file target.txt (compact mmCIF, C-alpha atoms)
# COMPACT_ATOMS: atom_id res chain seq x y z
CA MET A 3 0.00 0.00 0.00
CA THR A 4 1.20 3.52 -0.77
CA ARG A 5 1.28 5.81 2.25
CA LEU A 6 1.11 9.59 2.33
CA ARG A 7 4.62 10.77 3.17
CA SER A 8 5.11 13.45 5.81
CA ALA A 9 7.86 16.05 6.12
CA LEU A 10 8.81 19.07 8.18
CA TRP A 11 9.11 22.29 6.15
CA LEU A 12 11.34 24.56 8.19
CA PRO A 13 11.96 28.31 7.85
CA ILE A 14 15.61 28.38 8.92
CA PHE A 15 15.15 31.68 10.73
CA ASP A 16 15.97 32.87 14.26
CA ASP A 17 15.63 29.74 16.49
CA LEU A 18 16.42 27.57 13.44
CA ALA A 19 19.20 29.72 12.01
CA GLU A 20 21.84 27.40 13.49
CA PRO A 21 22.69 24.52 11.10
CA ALA A 22 23.60 22.22 13.99
CA VAL A 23 20.15 22.73 15.55
CA VAL A 24 18.37 21.88 12.28
CA ALA A 25 20.64 18.87 11.75
CA ARG A 26 19.69 17.52 15.19
CA LEU A 27 16.01 18.11 14.43
CA ALA A 28 16.38 16.20 11.17
CA ALA A 29 18.02 13.26 12.95
CA GLU A 30 15.21 13.24 15.54
CA ALA A 31 12.61 13.45 12.77
CA GLU A 32 14.11 10.46 11.00
CA GLU A 33 14.10 8.47 14.23
CA ALA A 34 10.45 9.42 14.81
CA GLY A 35 9.45 8.10 11.38
CA TRP A 36 9.19 11.31 9.35
CA HIS A 37 9.94 10.89 5.64
CA GLY A 38 11.55 14.26 4.90
CA VAL A 39 12.86 17.61 6.10
CA PHE A 40 12.83 20.58 3.75
CA VAL A 41 14.11 24.11 4.35
CA TRP A 42 13.22 27.58 3.10
CA ASP A 43 15.65 29.48 0.87
CA HIS A 44 15.83 33.21 1.63
CA LEU A 45 18.39 35.89 2.31
CA ARG A 46 16.15 37.76 4.72
CA TRP A 47 12.54 37.99 5.89
CA ARG A 48 10.28 40.73 7.17
CA ALA A 49 10.24 41.74 10.85
CA PRO A 50 10.28 40.36 13.46
CA VAL A 51 12.59 37.79 11.82
CA ARG A 52 16.23 38.88 12.16
CA GLN A 53 18.44 35.84 11.56
CA VAL A 54 18.43 33.74 8.37
CA ALA A 55 20.67 30.72 7.70
CA ASP A 56 22.08 29.58 4.37
CA PRO A 57 20.03 26.64 3.05
CA TRP A 58 22.83 24.79 1.27
CA ILE A 59 25.12 24.63 4.29
CA THR A 60 22.14 23.60 6.42
CA LEU A 61 21.23 20.87 3.93
CA ALA A 62 24.79 19.54 4.03
CA ALA A 63 24.46 19.29 7.81
CA ILE A 64 21.17 17.40 7.41
CA ALA A 65 22.76 15.04 4.89
CA THR A 66 25.50 14.05 7.33
CA THR A 67 23.20 13.45 10.32
CA THR A 68 20.52 11.36 8.58
CA GLU A 69 20.44 8.15 6.57
CA ARG A 70 16.97 7.70 5.08
CA LEU A 71 14.82 10.82 4.91
CA ARG A 72 14.54 13.04 1.85
CA PHE A 73 15.59 16.65 2.12
CA GLY A 74 16.10 19.73 0.01
CA PRO A 75 15.38 23.43 -0.49
CA MET A 76 11.70 24.18 -0.81
CA VAL A 77 11.90 26.26 -2.84
CA THR A 78 15.04 27.81 -4.23
CA PRO A 79 14.50 30.78 -6.60
CA LEU A 80 16.84 29.69 -9.37
CA ALA A 81 16.78 33.12 -11.04
CA ARG A 82 19.01 34.49 -8.27
CA ARG A 83 21.48 31.61 -8.40
CA ARG A 84 24.07 30.69 -10.99
CA PRO A 85 22.93 27.40 -12.57
CA ALA A 86 26.49 26.08 -12.97
CA LYS A 87 27.04 26.51 -9.23
CA VAL A 88 23.69 24.88 -8.43
CA ALA A 89 24.63 21.95 -10.67
CA LYS A 90 27.73 21.35 -8.56
CA GLU A 91 25.94 21.90 -5.26
CA THR A 92 23.09 19.53 -6.05
CA ALA A 93 25.30 16.75 -7.40
CA THR A 94 27.60 17.01 -4.38
CA LEU A 95 24.72 17.03 -1.89
CA ASP A 96 23.10 14.07 -3.61
CA ARG A 97 26.32 12.10 -3.37
CA LEU A 98 26.90 13.15 0.23
CA SER A 99 23.43 11.85 1.15
CA GLY A 100 23.51 8.68 -0.93
CA GLY A 101 20.83 9.93 -3.33
CA ARG A 102 18.24 11.60 -1.08
CA LEU A 103 18.09 15.18 -2.39
CA THR A 104 14.94 16.72 -3.88
CA LEU A 105 15.31 20.14 -5.51
CA GLY A 106 12.36 22.49 -5.07
CA VAL A 107 12.39 25.41 -7.52
CA GLY A 108 10.29 28.48 -8.17
CA LEU A 109 10.27 32.11 -9.27
CA GLY A 110 10.86 33.54 -5.83
CA SER A 111 9.22 36.73 -4.62
CA ASN A 112 10.17 40.18 -3.40
CA ARG A 113 7.06 40.48 -1.21
CA PHE A 114 8.25 39.26 2.17
CA GLY A 115 11.76 40.58 2.62
CA ASP A 116 12.46 42.93 -0.30
CA GLU A 117 15.45 40.65 -0.90
CA LEU A 118 15.41 40.71 -4.70
CA ARG A 119 15.39 44.50 -4.97
CA ALA A 120 17.87 44.93 -2.12
CA THR A 121 20.42 42.68 -3.84
CA GLY A 122 19.92 43.92 -7.40
CA GLU A 123 18.17 40.77 -8.64
CA GLU A 124 15.63 40.59 -11.45
CA LEU A 125 12.21 41.87 -10.37
CA ASP A 126 10.23 41.12 -13.52
CA ASP A 127 8.29 37.85 -13.12
CA ARG A 128 8.45 37.02 -16.83
CA ARG A 129 12.23 37.38 -16.99
CA ARG A 130 12.67 35.33 -13.80
CA ALA A 131 10.49 32.63 -15.36
CA GLN A 132 12.76 32.59 -18.42
CA MET A 133 15.81 32.34 -16.18
CA LEU A 134 14.19 29.54 -14.20
CA ASP A 135 13.45 27.49 -17.31
CA GLU A 136 16.93 28.04 -18.74
CA SER A 137 18.49 27.05 -15.41
CA LEU A 138 16.46 23.83 -15.35
CA GLU A 139 17.67 22.99 -18.86
CA ILE A 140 21.26 23.50 -17.73
CA LEU A 141 20.79 21.36 -14.62
CA ALA A 142 19.30 18.47 -16.57
CA ALA A 143 22.18 18.59 -19.02
CA ALA A 144 24.77 18.90 -16.23
CA TRP A 145 23.39 15.91 -14.31
CA SER A 146 23.84 13.73 -17.42
CA GLY A 147 27.62 13.95 -17.06
CA GLU A 148 27.98 14.89 -20.73
CA PRO A 149 29.55 18.20 -21.83
CA VAL A 150 27.03 21.02 -21.54
CA HIS A 151 26.69 23.43 -24.45
CA HIS A 152 24.16 26.09 -23.51
CA HIS A 153 24.05 29.54 -25.08
CA SER A 154 20.93 31.53 -24.30
CA ARG A 155 19.69 34.97 -23.37
CA HIS A 156 20.62 34.69 -19.72
CA TYR A 157 23.28 31.98 -19.35
CA THR A 158 26.28 30.48 -21.10
CA VAL A 159 27.88 27.12 -20.36
CA ASP A 160 30.43 26.23 -23.02
CA GLY A 161 31.52 22.60 -23.11
CA ILE A 162 31.80 21.91 -19.36
CA SER A 163 31.22 18.41 -17.98
CA PHE A 164 29.82 18.42 -14.44
CA LEU A 165 31.36 15.37 -12.79
CA PRO A 166 30.84 13.45 -10.63
CA ARG A 167 27.17 12.94 -11.44
CA PRO A 168 24.41 12.75 -8.82
CA VAL A 169 23.65 9.30 -7.40
CA GLN A 170 20.04 9.56 -8.60
CA ARG A 171 19.49 8.94 -12.29
CA PRO A 172 18.85 10.62 -14.61
CA GLY A 173 19.29 13.37 -12.03
CA VAL A 174 18.01 14.96 -8.83
CA PRO A 175 14.17 14.99 -8.66
CA VAL A 176 12.77 18.48 -9.25
CA TRP A 177 9.57 19.76 -7.67
CA ALA A 178 8.36 23.00 -9.27
CA ALA A 179 6.29 25.50 -7.28
CA GLY A 180 3.41 27.57 -8.56
CA LEU A 181 0.06 29.13 -7.81
CA PRO A 182 -3.03 26.93 -8.26
CA GLY A 183 -4.88 27.94 -11.41
CA ASN A 184 -1.81 29.32 -13.15
CA VAL A 185 -1.24 27.16 -16.23
CA LYS A 186 2.40 28.04 -16.97
CA PRO A 187 3.80 26.71 -13.66
CA LEU A 188 1.73 23.55 -14.13
CA ARG A 189 3.23 23.00 -17.56
CA ARG A 190 6.70 23.57 -16.14
CA ALA A 191 6.03 21.17 -13.29
CA ALA A 192 4.68 18.52 -15.67
CA ARG A 193 8.11 18.36 -17.31
CA HIS A 194 9.73 17.45 -14.00
CA ASP A 195 9.03 15.24 -10.98
CA GLY A 196 6.59 17.04 -8.71
CA PHE A 197 4.45 20.08 -8.02
CA PHE A 198 4.40 22.25 -4.91
CA PRO A 199 1.33 24.54 -4.80
CA VAL A 200 1.79 27.97 -3.23
CA ASN A 201 -1.07 29.62 -1.28
CA LEU A 202 -3.22 26.50 -1.36
CA GLU A 203 -6.70 27.06 0.08
CA HIS A 204 -8.80 23.93 -0.53
CA PRO A 205 -8.49 20.21 -1.45
CA ASP A 206 -10.52 20.86 -4.60
CA GLN A 207 -7.58 22.87 -5.91
CA VAL A 208 -5.38 19.81 -5.49
CA ALA A 209 -7.81 17.66 -7.45
CA GLU A 210 -7.78 20.21 -10.30
CA ILE A 211 -3.95 20.35 -10.25
CA VAL A 212 -3.67 16.55 -10.32
CA THR A 213 -6.10 16.32 -13.23
CA THR A 214 -4.24 18.96 -15.25
CA ILE A 215 -0.75 17.61 -14.66
CA THR A 216 -1.86 14.01 -15.25
CA TYR A 217 -3.24 15.13 -18.62
CA LEU A 218 -0.03 17.00 -19.47
CA ARG A 219 2.03 13.92 -18.56
CA GLN A 220 0.01 11.37 -20.54
CA ALA A 221 3.11 9.96 -22.23
CA GLU A 222 5.09 9.72 -18.95
CA THR A 223 5.23 6.59 -16.78
CA THR A 224 7.68 7.76 -14.10
CA PRO A 225 6.42 8.42 -10.55
CA TYR A 226 5.19 11.94 -9.79
CA ASP A 227 4.69 13.78 -6.49
CA PHE A 228 2.20 16.38 -5.32
CA ALA A 229 3.61 17.98 -2.17
CA ILE A 230 1.04 19.92 -0.12
CA PRO A 231 1.97 22.46 2.58
CA LEU A 232 -0.43 22.50 5.54
CA PRO A 233 -0.05 23.95 9.05
CA PRO A 234 0.36 21.84 12.19
CA GLY A 235 -2.91 20.25 13.26
CA ALA A 236 -4.45 20.32 9.78
CA ASP A 237 -6.06 17.15 8.46
CA PRO A 238 -4.19 16.04 5.32
CA ALA A 239 -6.66 13.24 4.55
CA PRO A 240 -8.86 15.29 2.15
CA TYR A 241 -5.72 16.37 0.30
CA ALA A 242 -4.49 12.79 0.05
CA LYS A 243 -7.91 11.84 -1.33
CA ALA A 244 -7.50 14.62 -3.92
CA GLY A 245 -4.12 13.28 -5.02
CA ALA A 246 -1.43 14.57 -2.66
CA THR A 247 1.54 12.25 -2.11
CA TRP A 248 3.43 14.39 0.43
CA TRP A 249 2.30 16.54 3.35
CA LEU A 250 4.80 19.24 4.37
CA VAL A 251 4.09 20.72 7.80
CA GLU A 252 4.17 24.49 7.31
CA PHE A 253 5.38 26.77 10.12
CA SER A 254 4.72 30.51 10.29
CA PRO A 255 8.12 32.26 10.34
CA GLU A 256 6.80 35.13 12.47
CA THR A 257 5.51 32.89 15.29
CA MET A 258 7.55 29.69 14.94
CA SER A 259 9.69 28.52 17.84
CA LEU A 260 12.02 25.61 18.39
CA ASP A 261 9.62 24.25 21.03
CA GLN A 262 6.75 24.30 18.53
CA VAL A 263 8.79 22.39 15.95
CA ARG A 264 9.87 19.83 18.53
CA GLY A 265 6.26 19.36 19.60
CA VAL A 266 5.13 18.64 16.04
CA LEU A 267 8.12 16.36 15.54
CA ARG A 268 7.29 14.32 18.64
CA ASP A 269 3.67 13.93 17.52
CA GLY A 270 5.05 12.00 14.55
CA PRO A 271 3.92 11.76 10.93
CA VAL A 272 0.42 10.88 9.80
CA ASP A 273 -0.37 7.38 8.57
CA ILE A 274 -2.74 7.59 5.60
CA ASP A 275 -3.16 4.95 2.94
CA ILE A 276 -3.40 6.97 -0.28
CA GLU A 277 -5.20 4.24 -2.24
CA ARG A 278 -7.88 3.81 0.42
CA ALA A 279 -8.22 7.58 0.87
CA ARG A 280 -9.11 7.88 -2.80

call {"tool": "encode", "arguments": {"input": "target.txt", "output": "structure tokens"}}
result
Amino acid sequence: MTRLRSALWLPIFDDLAEPAVVARLAAEAEEAGWHGVFVWDHLRWRAPVRQVADPWITLAAIATTTERLRFGPMVTPLARRRPAKVAKETATLDRLSGGRLTLGVGLGSNRFGDELRATGEELDDRRRAQMLDESLEILAAAWSGEPVHHHSRHYTVDGISFLPRPVQRPGVPVWAAGLPGNVKPLRRAARHDGFFPVNLEHPDQVAEIVTTITYLRQAETTPYDFAIPLPPGADPAPYAKAGATWWLVEFSPETMSLDQVRGVLRDGPVDIDIERAR
């Protein structure tokens, strides 16, 4: 039977801005039966948040303190990262963890910390979408181990082979984020391995997303994930019935505390049979 998988989705801010603390939480989560730990990727956040950790260093710490659970950035705004560097980081993390990395990607936003404007990054959504798609093309080519020849509007990679390859083949699974009802993110997600809906409000939205992406992936036979963020105490069963395969426990960065995260962790993951739920 296929079970709904459960993960902690941690804003690595303030109480969780210490990589060693998050690494210990991840080890405890694995021991308690959780299936994954994912972290936010930001440079800063609005008040009252003051401290923000680097996701990639934190993920490396998680990789070395766990053995089974999946982990990754959820989501990283690829438009503000160099794809060649991300190719190296993801392959190295995947090897460090024995093939447990999942890469969450999205456009990113300037709404919550003014971080794009403050660091001179691209503010136009359409251009960031172009950069995201080009970056994903480069990553897929880099993970193949073959020389990458990419010359486009935003990026150039001229004949570089990115070795060693990730453990996972053909590459690291990619979950693409997007707003429910927006067709372009759904089409992007359908080309990859999972979808992560932003600002989800109702299980019916999940059912619509699953129907659309299933239609777009008619020729594909590889497994596909629908990862649903819900706050602590929410009932994920209606979302599993609608097609969700992962539940990510969502914490509010303004009110989150280490004690709250530990309390959710100790409660343990849900146990829902997806086939029976549907």

call {"tool": "residues_around", "arguments": {"input": "target.txt", "residues": "range 89-101 of chain A", "least_positions_apart": "5", "cutoff": "7 Å", "atoms": "all atoms listed in the file", "output": "MDAnalysis selection string"}}
result
chainID A and resid 62 65:66 141 144 164 167:170

call {"tool": "closest_residue", "arguments": {"input": "target.txt", "among": "A:Thr247, A:Gln207, A:Thr213, A:Gln132", "to": "Glu277 in chain A", "atoms": "only C-alpha atoms"}}
result
A:Thr247

call {"tool": "closest_residue", "arguments": {"input": "target.txt", "among": "A:Leu188, A:Leu232, A:Leu103, A:Val77", "to": "Arg171 in chain A", "atoms": "all atoms listed in the file"}}
result
A:Leu103

call {"tool": "atom_distance", "arguments": {"input": "target.txt", "atom1": "CA of Phe73 in chain A", "atom2": "CA of Glu256 in chain A"}}
result
22.9 Å

call {"tool": "residues_near_point", "arguments": {"input": "target.txt", "point": "(-9.8, 17.0, -4.0)", "cutoff": "6 Å", "atoms": "all atoms listed in the file", "output": "PDB file with C-alpha atoms, in the frame of the given file"}}
result
ATOM      1  CA  PRO A 205      -8.490  20.210  -1.450  1.00  0.00           C
ATOM      2  CA  ASP A 206     -10.520  20.860  -4.600  1.00  0.00           C
ATOM      3  CA  VAL A 208      -5.380  19.810  -5.490  1.00  0.00           C
ATOM      4  CA  ALA A 209      -7.810  17.660  -7.450  1.00  0.00           C
ATOM      5  CA  TYR A 241      -5.720  16.370   0.300  1.00  0.00           C
ATOM      6  CA  ALA A 244      -7.500  14.620  -3.920  1.00  0.00           C
TER       7      ALA A 244
END

call {"tool": "atom_distance", "arguments": {"input": "target.txt", "atom1": "CA of Val51 in chain A", "atom2": "CA of Ala19 in chain A"}}
result
10.4 Å

call {"tool": "closest_residue", "arguments": {"input": "target.txt", "among": "A:Arg190, A:Arg26, A:Arg46, A:His37", "to": "Thr67 in chain A", "atoms": "all atoms listed in the file"}}
result
A:Arg26

call {"tool": "closest_residue", "arguments": {"input": "target.txt", "among": "A:Ala28, A:Val150, A:Ile230, A:Leu181", "to": "Ala246 in chain A", "atoms": "only C-alpha atoms"}}
result
A:Ile230

call {"tool": "atom_distance", "arguments": {"input": "target.txt", "atom1": "CA of Ile274 in chain A", "atom2": "CA of Trp42 in chain A"}}
result
25.7 Å

call {"tool": "residues_around", "arguments": {"input": "target.txt", "residues": "range 226-228 of chain A", "least_positions_apart": "4", "cutoff": "10 Å", "atoms": "all atoms listed in the file", "output": "VMD selection string"}}
result
chain A and resid 175 to 178 191 to 192 194 to 199 208 211 to 212 215 to 216 219 222 241 to 242 244 to 249

call {"tool": "build_atoms", "arguments": {"input": "target.txt", "residues": "range 152-185 of chain A", "atoms": "N, CA and C atoms", "output": "JSON list (two decimals), keeping the file's coordinate frame"}}
result
[["chain", "number", "residue", "atom", "x", "y", "z"],
["A", 152, "HIS", "N", 25.38, 25.29, -23.68],
["A", 152, "HIS", "CA", 24.16, 26.09, -23.51],
["A", 152, "HIS", "C", 24.49, 27.56, -23.75],
["A", 153, "HIS", "N", 23.87, 28.12, -24.76],
["A", 153, "HIS", "CA", 24.05, 29.54, -25.08],
["A", 153, "HIS", "C", 22.66, 30.14, -25.23],
["A", 154, "SER", "N", 22.27, 30.98, -24.28],
["A", 154, "SER", "CA", 20.93, 31.53, -24.30],
["A", 154, "SER", "C", 20.97, 32.98, -23.85],
["A", 155, "ARG", "N", 19.80, 33.55, -23.71],
["A", 155, "ARG", "CA", 19.69, 34.97, -23.37],
["A", 155, "ARG", "C", 20.33, 35.30, -22.03],
["A", 156, "HIS", "N", 20.19, 34.38, -21.08],
["A", 156, "HIS", "CA", 20.62, 34.69, -19.72],
["A", 156, "HIS", "C", 21.89, 33.96, -19.28],
["A", 157, "TYR", "N", 22.17, 32.79, -19.86],
["A", 157, "TYR", "CA", 23.28, 31.98, -19.35],
["A", 157, "TYR", "C", 24.10, 31.38, -20.48],
["A", 158, "THR", "N", 25.38, 31.18, -20.18],
["A", 158, "THR", "CA", 26.28, 30.48, -21.10],
["A", 158, "THR", "C", 27.05, 29.42, -20.34],
["A", 159, "VAL", "N", 27.03, 28.21, -20.86],
["A", 159, "VAL", "CA", 27.88, 27.12, -20.36],
["A", 159, "VAL", "C", 28.49, 26.49, -21.61],
["A", 160, "ASP", "N", 29.78, 26.59, -21.76],
["A", 160, "ASP", "CA", 30.43, 26.23, -23.02],
["A", 160, "ASP", "C", 31.33, 25.01, -22.86],
["A", 161, "GLY", "N", 30.74, 23.82, -23.04],
["A", 161, "GLY", "CA", 31.52, 22.60, -23.11],
["A", 161, "GLY", "C", 32.03, 22.07, -21.79],
["A", 162, "ILE", "N", 31.36, 22.38, -20.67],
["A", 162, "ILE", "CA", 31.80, 21.91, -19.36],
["A", 162, "ILE", "C", 31.07, 20.61, -19.01],
["A", 163, "SER", "N", 31.81, 19.63, -18.52],
["A", 163, "SER", "CA", 31.22, 18.41, -17.98],
["A", 163, "SER", "C", 31.17, 18.53, -16.46],
["A", 164, "PHE", "N", 30.00, 18.27, -15.88],
["A", 164, "PHE", "CA", 29.82, 18.42, -14.44],
["A", 164, "PHE", "C", 29.91, 17.03, -13.81],
["A", 165, "LEU", "N", 31.09, 16.67, -13.40],
["A", 165, "LEU", "CA", 31.36, 15.37, -12.79],
["A", 165, "LEU", "C", 31.95, 15.57, -11.41],
["A", 166, "PRO", "N", 31.64, 14.66, -10.46],
["A", 166, "PRO", "CA", 30.84, 13.45, -10.63],
["A", 166, "PRO", "C", 29.35, 13.75, -10.71],
["A", 167, "ARG", "N", 28.62, 12.81, -11.30],
["A", 167, "ARG", "CA", 27.17, 12.94, -11.44],
["A", 167, "ARG", "C", 26.46, 12.70, -10.10],
["A", 168, "PRO", "N", 25.20, 13.14, -9.99],
["A", 168, "PRO", "CA", 24.41, 12.75, -8.82],
["A", 168, "PRO", "C", 24.23, 11.23, -8.75],
["A", 169, "VAL", "N", 23.96, 10.72, -7.56],
["A", 169, "VAL", "CA", 23.65, 9.30, -7.40],
["A", 169, "VAL", "C", 22.35, 8.96, -8.12],
["A", 170, "GLN", "N", 21.34, 9.82, -7.98],
["A", 170, "GLN", "CA", 20.04, 9.56, -8.60],
["A", 170, "GLN", "C", 20.11, 9.77, -10.11],
["A", 171, "ARG", "N", 19.47, 8.87, -10.84],
["A", 171, "ARG", "CA", 19.49, 8.94, -12.29],
["A", 171, "ARG", "C", 18.07, 9.05, -12.83],
["A", 172, "PRO", "N", 17.85, 9.88, -13.85],
["A", 172, "PRO", "CA", 18.85, 10.62, -14.61],
["A", 172, "PRO", "C", 19.39, 11.86, -13.91],
["A", 173, "GLY", "N", 18.80, 12.22, -12.77],
["A", 173, "GLY", "CA", 19.29, 13.37, -12.03],
["A", 173, "GLY", "C", 18.48, 13.55, -10.76],
["A", 174, "VAL", "N", 18.72, 14.65, -10.07],
["A", 174, "VAL", "CA", 18.01, 14.96, -8.83],
["A", 174, "VAL", "C", 16.54, 15.25, -9.15],
["A", 175, "PRO", "N", 15.58, 14.66, -8.43],
["A", 175, "PRO", "CA", 14.17, 14.99, -8.66],
["A", 175, "PRO", "C", 13.91, 16.47, -8.43],
["A", 176, "VAL", "N", 13.10, 17.05, -9.32],
["A", 176, "VAL", "CA", 12.77, 18.48, -9.25],
["A", 176, "VAL", "C", 11.28, 18.63, -9.00],
["A", 177, "TRP", "N", 10.94, 19.36, -7.92],
["A", 177, "TRP", "CA", 9.57, 19.76, -7.67],
["A", 177, "TRP", "C", 9.45, 21.24, -7.98],
["A", 178, "ALA", "N", 8.54, 21.61, -8.88],
["A", 178, "ALA", "CA", 8.36, 23.00, -9.27],
["A", 178, "ALA", "C", 7.17, 23.60, -8.53],
["A", 179, "ALA", "N", 7.35, 24.81, -8.01],
["A", 179, "ALA", "CA", 6.29, 25.50, -7.28],
["A", 179, "ALA", "C", 5.47, 26.38, -8.21],
["A", 180, "GLY", "N", 4.25, 26.67, -7.79],
["A", 180, "GLY", "CA", 3.41, 27.57, -8.56],
["A", 180, "GLY", "C", 2.08, 27.79, -7.88],
["A", 181, "LEU", "N", 1.38, 28.82, -8.33],
["A", 181, "LEU", "CA", 0.06, 29.13, -7.81],
["A", 181, "LEU", "C", -0.99, 28.23, -8.45],
["A", 182, "PRO", "N", -1.93, 27.69, -7.67],
["A", 182, "PRO", "CA", -3.03, 26.93, -8.26],
["A", 182, "PRO", "C", -3.79, 27.80, -9.26],
["A", 183, "GLY", "N", -4.15, 27.21, -10.40],
["A", 183, "GLY", "CA", -4.88, 27.94, -11.41],
["A", 183, "GLY", "C", -4.03, 28.65, -12.43],
["A", 184, "ASN", "N", -2.73, 28.71, -12.20],
["A", 184, "ASN", "CA", -1.81, 29.32, -13.15],
["A", 184, "ASN", "C", -1.24, 28.22, -14.04],
["A", 185, "VAL", "N", -1.55, 28.27, -15.33],
["A", 185, "VAL", "CA", -1.24, 27.16, -16.23],
["A", 185, "VAL", "C", 0.26, 27.02, -16.48]]
